[in-house]
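Here is the file coords-v2.csv (CSV, C-alpha atoms).
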chain,number,residue,atom,x,y,z
A,1,MET,CA,-8.8,-7.5,28.3
A,2,GLN,CA,-9.8,-10.4,26.1
A,3,SER,CA,-8.0,-13.7,26.9
A,4,GLU,CA,-7.7,-14.9,23.3
A,5,TYR,CA,-8.0,-13.3,19.9
A,6,ARG,CA,-9.0,-15.3,16.9
A,7,VAL,CA,-7.2,-14.1,13.8
A,8,ALA,CA,-8.2,-14.9,10.2
A,9,ILE,CA,-5.5,-14.2,7.6
A,10,VAL,CA,-6.8,-14.2,4.0
A,11,VAL,CA,-4.1,-14.7,1.3
A,12,LEU,CA,-4.9,-13.5,-2.2
A,13,PRO,CA,-3.2,-15.0,-5.2
A,14,ASN,CA,0.3,-13.5,-5.7
A,15,PHE,CA,0.3,-12.4,-2.0
A,16,THR,CA,3.5,-11.2,-0.4
A,17,LEU,CA,5.2,-14.0,1.5
A,18,LEU,CA,6.9,-11.5,3.8
A,19,ALA,CA,3.6,-10.1,4.9
A,20,LEU,CA,2.1,-13.5,5.9
A,21,SER,CA,5.3,-14.6,7.7
A,22,SER,CA,5.5,-11.3,9.5
A,23,VAL,CA,2.0,-11.6,10.8
A,24,VAL,CA,2.2,-15.2,11.9
A,25,ASP,CA,5.7,-15.1,13.5
A,26,THR,CA,5.0,-11.9,15.4
A,27,LEU,CA,1.8,-13.4,16.8
A,28,ARG,CA,3.6,-16.7,17.6
A,29,LEU,CA,6.2,-14.8,19.5
A,30,ALA,CA,3.5,-12.8,21.3
A,31,ASN,CA,2.2,-16.1,22.6
A,32,ARG,CA,5.7,-17.1,23.7
A,33,ALA,CA,6.2,-13.7,25.5
A,34,LEU,CA,2.8,-13.9,27.2
A,35,GLY,CA,3.2,-17.5,28.2
A,36,ARG,CA,-0.1,-18.6,26.7
A,37,GLU,CA,-2.1,-18.8,23.5
A,38,ALA,CA,-3.3,-15.2,23.4
A,39,TYR,CA,-3.6,-15.4,19.6
A,40,ALA,CA,-4.9,-18.2,17.5
A,41,TRP,CA,-4.7,-17.8,13.7
A,42,THR,CA,-6.1,-19.5,10.6
A,43,VAL,CA,-4.9,-18.9,7.1
A,44,TYR,CA,-7.7,-18.8,4.5
A,45,GLY,CA,-7.4,-18.9,0.7
A,46,LEU,CA,-9.6,-18.6,-2.3
A,47,GLN,CA,-8.2,-21.8,-3.8
A,48,ASP,CA,-6.8,-25.1,-2.5
A,49,THR,CA,-3.2,-23.9,-3.1
A,50,VAL,CA,-2.3,-20.2,-3.2
A,51,VAL,CA,1.0,-19.1,-4.8
A,52,ALA,CA,2.8,-16.1,-3.5
A,53,SER,CA,4.5,-13.5,-5.7
A,54,SER,CA,7.8,-15.2,-4.9
A,55,HIS,CA,6.4,-18.4,-6.6
A,56,VAL,CA,6.2,-20.2,-3.2
A,57,GLY,CA,2.9,-22.1,-3.0
A,58,ILE,CA,1.1,-22.7,0.3
A,59,VAL,CA,-1.9,-24.8,1.3
A,60,PRO,CA,-4.2,-22.7,3.4
A,61,ASP,CA,-5.8,-24.1,6.5
A,62,SER,CA,-9.2,-23.7,5.0
A,63,LEU,CA,-11.0,-22.2,2.1
A,64,LEU,CA,-12.7,-18.9,2.7
A,65,THR,CA,-16.1,-20.5,2.0
A,66,GLY,CA,-15.8,-22.5,5.2
A,67,VAL,CA,-15.4,-19.5,7.6
A,68,HIS,CA,-18.1,-18.9,10.2
A,69,ASP,CA,-18.4,-15.3,11.1
A,70,ASP,CA,-18.5,-15.7,14.9
A,71,GLU,CA,-15.1,-17.4,14.9
A,72,VAL,CA,-13.1,-14.3,14.0
A,73,ASP,CA,-12.0,-11.3,16.1
A,74,ILE,CA,-9.5,-9.9,13.6
A,75,ALA,CA,-9.4,-10.4,9.9
A,76,ILE,CA,-6.4,-9.4,7.8
A,77,VAL,CA,-6.3,-9.5,4.0
A,78,CYS,CA,-2.8,-10.0,2.6
A,79,GLY,CA,-2.4,-8.8,-1.0
A,80,GLY,CA,0.6,-8.6,-3.4
A,81,ILE,CA,1.2,-8.2,-7.1
A,82,GLY,CA,-2.0,-7.4,-9.0
A,83,GLY,CA,-4.1,-7.2,-5.9
A,84,HIS,CA,-6.3,-4.6,-7.5
A,85,LEU,CA,-7.5,-7.2,-10.0
A,86,TYR,CA,-9.4,-9.3,-7.5
A,87,ASN,CA,-13.0,-8.6,-6.8
A,88,GLU,CA,-14.4,-11.6,-4.8
A,89,ARG,CA,-18.1,-11.2,-3.9
A,90,HIS,CA,-18.0,-13.7,-1.1
A,91,LEU,CA,-14.9,-12.1,0.4
A,92,ARG,CA,-16.6,-8.7,0.4
A,93,ALA,CA,-19.8,-10.2,2.0
A,94,TRP,CA,-17.7,-12.0,4.7
A,95,LEU,CA,-15.8,-8.8,5.6
A,96,ARG,CA,-19.1,-6.8,5.9
A,97,ASP,CA,-20.5,-9.5,8.1
A,98,LEU,CA,-17.4,-9.5,10.3
A,99,ASP,CA,-17.6,-5.7,10.6
A,100,SER,CA,-21.3,-5.9,11.7
A,101,ARG,CA,-20.2,-8.3,14.5
A,102,GLY,CA,-17.5,-5.8,15.7
A,103,ALA,CA,-14.4,-7.5,14.3
A,104,ILE,CA,-11.2,-5.5,13.5
A,105,ILE,CA,-10.8,-5.4,9.8
A,106,GLY,CA,-7.2,-5.2,8.5
A,107,ALA,CA,-5.4,-5.2,5.2
A,108,ILE,CA,-1.8,-5.4,4.1
A,109,SER,CA,-0.4,-3.9,0.8
A,110,THR,CA,-3.0,-4.4,-2.0
A,111,GLY,CA,-5.3,-6.3,0.3
A,112,ILE,CA,-6.8,-2.8,0.9
A,113,TRP,CA,-8.5,-3.0,-2.4
A,114,GLN,CA,-10.8,-5.8,-1.2
A,115,VAL,CA,-11.7,-4.0,2.0
A,116,ALA,CA,-12.4,-0.8,0.1
A,117,ARG,CA,-14.5,-2.6,-2.4
A,118,ALA,CA,-16.6,-3.9,0.5
A,119,GLY,CA,-17.3,-0.3,1.4
A,120,LEU,CA,-15.5,-0.6,4.7
A,121,LEU,CA,-12.9,2.1,4.2
A,122,ASP,CA,-15.2,5.0,3.2
A,123,SER,CA,-14.5,8.0,5.5
A,124,TYR,CA,-11.6,6.1,7.1
A,125,ARG,CA,-7.9,6.9,7.1
A,126,CYS,CA,-6.0,4.2,5.3
A,127,ALA,CA,-2.3,3.4,4.7
A,128,VAL,CA,-1.6,2.9,1.0
A,129,HIS,CA,1.8,1.9,-0.4
A,130,TRP,CA,3.3,4.8,-2.3
A,131,ASP,CA,3.2,2.9,-5.6
A,132,ASP,CA,-0.6,2.4,-5.3
A,133,LEU,CA,-1.5,5.9,-4.2
A,134,PRO,CA,-2.5,7.3,-7.7
A,135,SER,CA,-4.8,4.4,-8.7
A,136,PHE,CA,-6.3,3.7,-5.3
A,137,SER,CA,-7.1,7.4,-4.7
A,138,ALA,CA,-8.7,7.7,-8.1
A,139,THR,CA,-10.8,4.5,-7.6
A,140,PHE,CA,-11.9,5.2,-4.0
A,141,PRO,CA,-12.3,9.0,-3.5
A,142,LEU,CA,-14.2,8.6,-0.2
A,143,VAL,CA,-11.1,6.9,1.5
A,144,GLU,CA,-8.6,9.2,3.2
A,145,VAL,CA,-5.3,7.8,1.9
A,146,ARG,CA,-2.3,8.3,4.1
A,147,PRO,CA,1.5,8.0,3.4
A,148,GLU,CA,2.2,6.4,6.8
A,149,ILE,CA,3.6,2.9,7.2
A,150,PHE,CA,0.4,1.8,8.9
A,151,VAL,CA,-2.8,3.4,10.1
A,152,HIS,CA,-5.2,2.5,12.9
A,153,ASP,CA,-8.6,4.2,12.5
A,154,ARG,CA,-11.3,2.9,14.8
A,155,ARG,CA,-11.7,-0.8,13.8
A,156,ARG,CA,-9.6,-0.6,10.7
A,157,LEU,CA,-5.9,-1.5,10.6
A,158,THR,CA,-4.1,-1.0,7.3
A,159,CYS,CA,-0.5,-1.4,6.4
A,160,SER,CA,1.5,-0.2,3.4
A,161,GLY,CA,3.4,-3.5,3.3
A,162,GLY,CA,7.0,-4.7,3.6
A,163,VAL,CA,8.7,-4.8,7.1
A,164,ALA,CA,6.1,-2.3,8.3
A,165,VAL,CA,3.8,-5.3,8.9
A,166,ILE,CA,5.9,-6.2,11.9
A,167,ASP,CA,5.4,-2.7,13.3
A,168,MET,CA,1.7,-2.9,12.8
A,169,ILE,CA,1.3,-6.2,14.6
A,170,LEU,CA,3.6,-5.1,17.4
A,171,TYR,CA,1.3,-2.0,17.7
A,172,LEU,CA,-1.7,-4.3,17.9
A,173,ILE,CA,-0.1,-6.3,20.7
A,174,ALA,CA,0.7,-3.1,22.6
A,175,VAL,CA,-2.9,-2.0,22.3
A,176,GLN,CA,-4.3,-5.4,23.4
A,177,PHE,CA,-1.7,-6.5,26.0
A,178,GLY,CA,0.5,-3.5,26.8
A,179,ILE,CA,3.7,-1.9,25.5
A,180,ALA,CA,5.9,-4.0,27.8
A,181,GLN,CA,4.7,-7.2,26.1
A,182,ALA,CA,5.1,-5.6,22.6
A,183,ASP,CA,8.7,-4.7,23.6
A,184,SER,CA,9.4,-8.3,24.6
A,185,VAL,CA,8.2,-9.5,21.3
A,186,ALA,CA,10.3,-6.9,19.5
A,187,ASP,CA,13.3,-8.1,21.4
A,188,LEU,CA,12.7,-11.7,20.3
A,189,LEU,CA,12.4,-10.5,16.7
A,190,ILE,CA,15.7,-8.5,17.0
A,191,HIS,CA,13.5,-5.6,16.0
A,192,ALA,CA,15.4,-2.6,17.4
A,193,ARG,CA,12.6,-0.1,17.5
A,194,ILE,CA,8.8,-0.3,17.2
A,195,ARG,CA,7.9,2.4,14.7
A,196,SER,CA,4.8,4.4,15.4
A,197,SER,CA,1.8,4.7,13.1
A,198,ASP,CA,2.5,8.3,12.2
A,199,GLU,CA,5.9,7.5,10.6
A,200,LYS,CA,5.9,8.1,6.8
A,201,GLN,CA,6.9,5.7,4.1
A,202,ARG,CA,10.4,6.7,3.1
A,203,GLY,CA,10.3,5.3,-0.4
A,204,THR,CA,9.4,7.4,-3.4
A,205,ALA,CA,9.4,6.3,-7.0
A,206,GLY,CA,12.9,6.4,-8.2
A,207,SER,CA,14.4,8.2,-5.3
A,208,PRO,CA,16.9,6.0,-3.4
A,209,GLN,CA,17.5,6.9,0.2
A,210,ALA,CA,21.2,7.6,-0.5
A,211,THR,CA,20.2,10.7,-2.5
A,212,PRO,CA,20.8,14.1,-0.8
A,213,ARG,CA,18.0,15.5,1.4
A,214,THR,CA,17.6,18.4,-1.0
A,215,VAL,CA,16.9,16.1,-3.9
A,216,ARG,CA,14.4,14.0,-1.8
A,217,ARG,CA,12.5,17.2,-0.9
A,218,ALA,CA,12.4,18.2,-4.5
A,219,VAL,CA,11.0,14.8,-5.5
A,220,THR,CA,8.4,15.0,-2.8
A,221,LEU,CA,7.2,18.3,-4.2
A,222,MET,CA,7.0,16.8,-7.7
A,223,GLU,CA,5.0,13.9,-6.5
A,224,ARG,CA,2.6,16.1,-4.6
A,225,ASN,CA,2.1,18.4,-7.5
A,226,ILE,CA,1.3,16.3,-10.5
A,227,GLU,CA,-1.9,17.8,-11.9
A,228,ALA,CA,-0.9,21.4,-11.3
A,229,THR,CA,2.8,21.1,-12.0
A,230,LEU,CA,5.4,23.4,-10.5
A,231,PRO,CA,8.1,25.2,-12.5
A,232,ILE,CA,11.5,24.0,-11.7
A,233,THR,CA,12.4,27.5,-10.5
A,234,ALA,CA,9.6,27.3,-8.0
A,235,ILE,CA,10.8,24.0,-6.7
A,236,ALA,CA,14.3,25.2,-6.3
A,237,ARG,CA,13.1,28.3,-4.4
A,238,GLU,CA,10.8,26.2,-2.1
A,239,ILE,CA,13.7,24.0,-1.0
A,240,GLY,CA,16.2,26.8,-0.7
A,241,CYS,CA,18.6,26.3,-3.5
A,242,SER,CA,19.4,27.8,-6.9
A,243,THR,CA,18.0,26.3,-10.1
A,244,ARG,CA,21.6,25.6,-11.3
A,245,GLN,CA,22.4,23.7,-8.0
A,246,LEU,CA,19.2,21.6,-8.4
A,247,GLU,CA,20.2,20.7,-12.0
A,248,ARG,CA,23.6,19.6,-10.8
A,249,LEU,CA,22.2,17.5,-7.9
A,250,PHE,CA,19.6,15.7,-10.1
A,251,THR,CA,22.3,15.0,-12.7
A,252,GLU,CA,24.5,13.5,-10.0
A,253,ALA,CA,21.7,11.5,-8.4
A,254,PHE,CA,19.7,10.3,-11.5
A,255,GLY,CA,21.7,11.2,-14.6
A,256,MET,CA,19.0,13.5,-15.8
A,257,SER,CA,17.6,17.0,-15.3
A,258,PRO,CA,14.9,17.9,-12.8
A,259,LYS,CA,12.5,18.6,-15.7
A,260,ARG,CA,13.0,15.2,-17.2
A,261,TYR,CA,12.7,13.5,-13.8
A,262,TYR,CA,9.5,15.4,-13.1
A,263,ASP,CA,8.1,14.2,-16.5
A,264,GLY,CA,8.9,10.6,-15.4
A,265,VAL,CA,7.0,11.0,-12.2
A,266,ARG,CA,3.9,12.2,-14.1
A,267,LEU,CA,4.2,9.4,-16.6
A,268,ARG,CA,4.5,6.7,-14.0
A,269,HIS,CA,1.5,8.2,-12.3
A,270,ALA,CA,-0.4,8.0,-15.6
A,271,ARG,CA,0.7,4.4,-16.1
A,272,LYS,CA,-0.9,3.4,-12.7
A,273,LEU,CA,-4.1,5.1,-13.7
A,274,LEU,CA,-4.2,3.4,-17.0
A,275,VAL,CA,-3.6,-0.1,-15.7
A,276,GLU,CA,-5.5,0.0,-12.4
A,277,THR,CA,-8.5,2.3,-13.0
A,278,ASP,CA,-11.1,3.1,-15.6
A,279,VAL,CA,-10.3,6.8,-15.7
A,280,PRO,CA,-10.8,8.1,-19.3
A,281,LEU,CA,-7.7,8.8,-21.3
A,282,SER,CA,-8.5,12.5,-21.5
A,283,ASP,CA,-8.8,12.8,-17.7
A,284,VAL,CA,-5.6,10.8,-17.2
A,285,ALA,CA,-3.8,13.5,-19.3
A,286,VAL,CA,-5.3,16.3,-17.3
A,287,GLN,CA,-4.6,14.6,-13.9
A,288,CYS,CA,-1.0,14.1,-14.9
A,289,GLY,CA,-0.5,17.8,-15.9
A,290,TYR,CA,-0.5,17.5,-19.7
A,291,PRO,CA,-2.4,20.4,-21.4
A,292,SER,CA,-3.4,18.2,-24.4
A,293,GLN,CA,-4.1,14.5,-24.9
A,294,ALA,CA,-1.9,14.5,-28.0
A,295,GLN,CA,1.1,15.7,-26.0
A,296,PHE,CA,0.4,13.2,-23.3
A,297,ALA,CA,0.2,10.3,-25.9
A,298,THR,CA,3.5,11.3,-27.5
A,299,ARG,CA,5.3,11.5,-24.1
A,300,PHE,CA,3.8,8.2,-22.9
A,301,ARG,CA,4.7,6.3,-26.1
A,302,THR,CA,8.2,7.6,-25.9
A,303,ALA,CA,8.6,6.4,-22.3
A,304,PHE,CA,6.8,3.0,-22.5
A,305,GLY,CA,6.8,2.0,-26.2
A,306,LYS,CA,3.0,2.0,-26.7
A,307,PRO,CA,0.4,4.7,-26.9
A,308,PRO,CA,-1.8,5.0,-23.8
A,309,LEU,CA,-4.9,3.2,-25.2
A,310,ARG,CA,-2.9,0.3,-26.5
A,311,TYR,CA,-1.0,0.1,-23.2
A,312,ARG,CA,-4.3,-0.1,-21.3
A,313,LEU,CA,-5.8,-2.7,-23.6
A,314,HIS,CA,-2.6,-4.9,-23.4
A,315,ALA,CA,-2.5,-4.7,-19.6
A,316,HIS,CA,-6.2,-5.7,-19.3
A,317,ARG,CA,-5.9,-8.9,-21.4
Let's see the structure in the file written out as structure tokens.
Amino acid sequence: MQSEYRVAIVVLPNFTLLALSSVVDTLRLANRALGREAYAWTVYGLQDTVVASSHVGIVPDSLLTGVHDDEVDIAIVCGGIGGHLYNERHLRAWLRDLDSRGAIIGAISTGIWQVARAGLLDSYRCAVHWDDLPSFSATFPLVEVRPEIFVHDRRRLTCSGGVAVIDMILYLIAVQFGIAQADSVADLLIHARIRSSDEKQRGTAGSPQATPRTVRRAVTLMERNIEATLPITAIAREIGCSTRQLERLFTEAFGMSPKRYYDGVRLRHARKLLVETDVPLSDVAVQCGYPSQAQFATRFRTAFGKPPLRYRLHAHR
């Protein structure tokens, strides 16, 4: 068992403040529970001041250019809003160097884009936030994306984001110092239960947890069958209810029919592909289950106020 682990936390512009604080405070409390400095961390940034998505600015301990490869055992890239936009060559090179030295490479939320662009997630399982699944999967087809809250695959540790960051760091503590120590840290955090890595993200686009289980199951089927869409009758049959009952449940939960909701799922998927990938418009239409590009363009413009091409150009300004 290693006596001390040196952790590098890289915060990207518009990073999620919750992610950074969850990592740092969980490691701080691990040191308290263990009675020694088992973890030492340094926060690195790409600029002198890095502003979080919550508009809180922080001054990193050091700029990334000042990192020495042999000083890091664990590297965690924290992303946030627009994390897919960053493509830092020196960050990618640094991550590859760390990997060659045997470091654990981690990422939170959209920080996974940087690790994937470094080629370090090919043939690995990776936790991806449900909102990023369409665009990330299309951009990195060699990565096995997973809907779990976090994933540990060999020397990769990825987290979908939110409060799941705490579960991931507690898991890391359990691996490195034992479950009893992780439980002690969880108690200090008033964290009632350490969730395991195989737990699924509960959120789905537009489906609040207060909705009936039948509706959530229907939404899951819709989200898993976007290119080859399912008839509403087939969805109702799969989840064990009548089409009329499903219509009533969707009207009560969302104020719309299952068919209209399904169309919204496909259009949101299309919007992610347009904004965050270079997939051609004709392929976007096909991947979102529209038989013609014209039909897709009409539906998209009705939903978002702009035709697909103009929406893409505006987003990339």
Listing only residues of region 2-120 of chain A within 12 Å of region 267-282 of chain A, what is the closest atom pair and its distance in Å (to one decimal) for each, using only C-alpha atoms, sorted by chain and residue number ascending, as CSV?
residue,atom,partner,partner_atom,distance
A:Ile81,CA,A:Glu276,CA,11.8
A:Gly82,CA,A:Glu276,CA,8.9
A:Gly83,CA,A:Glu276,CA,9.8
A:His84,CA,A:Glu276,CA,6.8
A:Leu85,CA,A:Glu276,CA,7.8
A:Tyr86,CA,A:Glu276,CA,11.2
A:Thr110,CA,A:Glu276,CA,11.6
A:Trp113,CA,A:Glu276,CA,10.9
Set out as JSON lines a contact list for region 124-221 of chain A and region 18-41 of chain A with a cut-off of 12 Å, giving each residue of region 124-221 of chain A that qualifies its closest atom pair and distance in Å to one decimal, counting only C-alpha atoms, ordered by chain and rising residue number.
{"residue": "A:Cys159", "atom": "CA", "partner": "A:Ala19", "partner_atom": "CA", "distance": 9.7}
{"residue": "A:Ser160", "atom": "CA", "partner": "A:Ala19", "partner_atom": "CA", "distance": 10.2}
{"residue": "A:Gly161", "atom": "CA", "partner": "A:Ala19", "partner_atom": "CA", "distance": 6.8}
{"residue": "A:Gly162", "atom": "CA", "partner": "A:Ala19", "partner_atom": "CA", "distance": 6.5}
{"residue": "A:Val163", "atom": "CA", "partner": "A:Ser22", "partner_atom": "CA", "distance": 7.6}
{"residue": "A:Ala164", "atom": "CA", "partner": "A:Ala19", "partner_atom": "CA", "distance": 8.9}
{"residue": "A:Val165", "atom": "CA", "partner": "A:Ala19", "partner_atom": "CA", "distance": 6.3}
{"residue": "A:Ile166", "atom": "CA", "partner": "A:Ser22", "partner_atom": "CA", "distance": 5.7}
{"residue": "A:Asp167", "atom": "CA", "partner": "A:Ser22", "partner_atom": "CA", "distance": 9.4}
{"residue": "A:Met168", "atom": "CA", "partner": "A:Val23", "partner_atom": "CA", "distance": 8.9}
{"residue": "A:Ile169", "atom": "CA", "partner": "A:Val23", "partner_atom": "CA", "distance": 6.6}
{"residue": "A:Leu170", "atom": "CA", "partner": "A:Thr26", "partner_atom": "CA", "distance": 7.2}
{"residue": "A:Tyr171", "atom": "CA", "partner": "A:Thr26", "partner_atom": "CA", "distance": 10.8}
{"residue": "A:Leu172", "atom": "CA", "partner": "A:Leu27", "partner_atom": "CA", "distance": 9.8}
{"residue": "A:Ile173", "atom": "CA", "partner": "A:Ala30", "partner_atom": "CA", "distance": 7.5}
{"residue": "A:Ala174", "atom": "CA", "partner": "A:Ala30", "partner_atom": "CA", "distance": 10.2}
{"residue": "A:Gln176", "atom": "CA", "partner": "A:Ala38", "partner_atom": "CA", "distance": 9.9}
{"residue": "A:Phe177", "atom": "CA", "partner": "A:Leu34", "partner_atom": "CA", "distance": 8.7}
{"residue": "A:Gly178", "atom": "CA", "partner": "A:Leu34", "partner_atom": "CA", "distance": 10.7}
{"residue": "A:Ile179", "atom": "CA", "partner": "A:Ala30", "partner_atom": "CA", "distance": 11.7}
{"residue": "A:Ala180", "atom": "CA", "partner": "A:Ala33", "partner_atom": "CA", "distance": 10.0}
{"residue": "A:Gln181", "atom": "CA", "partner": "A:Ala33", "partner_atom": "CA", "distance": 6.7}
{"residue": "A:Ala182", "atom": "CA", "partner": "A:Ala30", "partner_atom": "CA", "distance": 7.5}
{"residue": "A:Asp183", "atom": "CA", "partner": "A:Ala33", "partner_atom": "CA", "distance": 9.5}
{"residue": "A:Ser184", "atom": "CA", "partner": "A:Ala33", "partner_atom": "CA", "distance": 6.3}
{"residue": "A:Val185", "atom": "CA", "partner": "A:Ala30", "partner_atom": "CA", "distance": 5.7}
{"residue": "A:Ala186", "atom": "CA", "partner": "A:Thr26", "partner_atom": "CA", "distance": 8.4}
{"residue": "A:Asp187", "atom": "CA", "partner": "A:Ala33", "partner_atom": "CA", "distance": 9.9}
{"residue": "A:Leu188", "atom": "CA", "partner": "A:Leu29", "partner_atom": "CA", "distance": 7.2}
{"residue": "A:Leu189", "atom": "CA", "partner": "A:Thr26", "partner_atom": "CA", "distance": 7.6}
{"residue": "A:Ile190", "atom": "CA", "partner": "A:Thr26", "partner_atom": "CA", "distance": 11.3}
{"residue": "A:His191", "atom": "CA", "partner": "A:Thr26", "partner_atom": "CA", "distance": 10.6}
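The gap separating CA of Pro134 (chain A) from CA of Arg310 (chain A) is 20.1 Å, in Å to one decimal.
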Work out how far apart CA of Leu249 (chain A) and CA of Asp131 (chain A) are and give it in Å to one decimal. 24.1 Å
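For the residues A:Gln2, A:Gln201, A:Thr158, A:Glu88, ranking by smallest atom-to-atom distance to Trp130 (chain A) using all atoms listed in the file places A:Gln201 first.
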If you count only C-alpha atoms, which residues fall within 7 Å of Thr214 (chain A), apart from same-chain ones fewer than 3 positions away, as an MDAnalysis selection string? chainID A and resid 217:218 239
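Proximity of A:Leu221, A:Leu133, A:Ala253, A:Ala116 to Glu238 (chain A), computed with only C-alpha atoms, is greatest for A:Leu221.
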With distances taken over all atoms listed in the file, which residue among A:Asp263, A:Asp73, A:Asp97, A:Glu252 lies nearest Tyr5 (chain A)? A:Asp73
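The closest residue to Leu98 (chain A), picked from A:Ala315, A:Ala228, A:Cys78, A:Ala8 and counting only C-alpha atoms, is A:Ala8.
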Coordinates-based distance that separates CA of Tyr262 (chain A) from CA of Gly305 (chain A) (Å, one decimal): 18.9 Å
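Within 12 Å of Cys241 (chain A), once only C-alpha atoms are used and residues closer than 5 positions along the same chain are dropped, the contacting residues are Arg213, Thr214, Val215, Arg217, Ala218, Ile232, Thr233, Ala234, Ile235, Ala236, Leu246, Glu247, Arg248 and Leu249 of chain A.
With distances taken over all atoms listed in the file, A:Glu148 is the one residue among A:Arg301, A:Asp122, A:Glu148, A:Gln114 lying closest to Lys200 (chain A).
For the choices A:Leu17, A:Leu12, A:Ala118, A:Val7, the atom-to-atom distance to Arg96 (chain A) is smallest for A:Ala118 when using only C-alpha atoms.
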Polymer residues at most 10 Å from Gly45 (chain A), all atoms listed in the file, same-chain spacing of 5 or more positions, as an MDAnalysis selection string: chainID A and resid 9:13 50 58:65
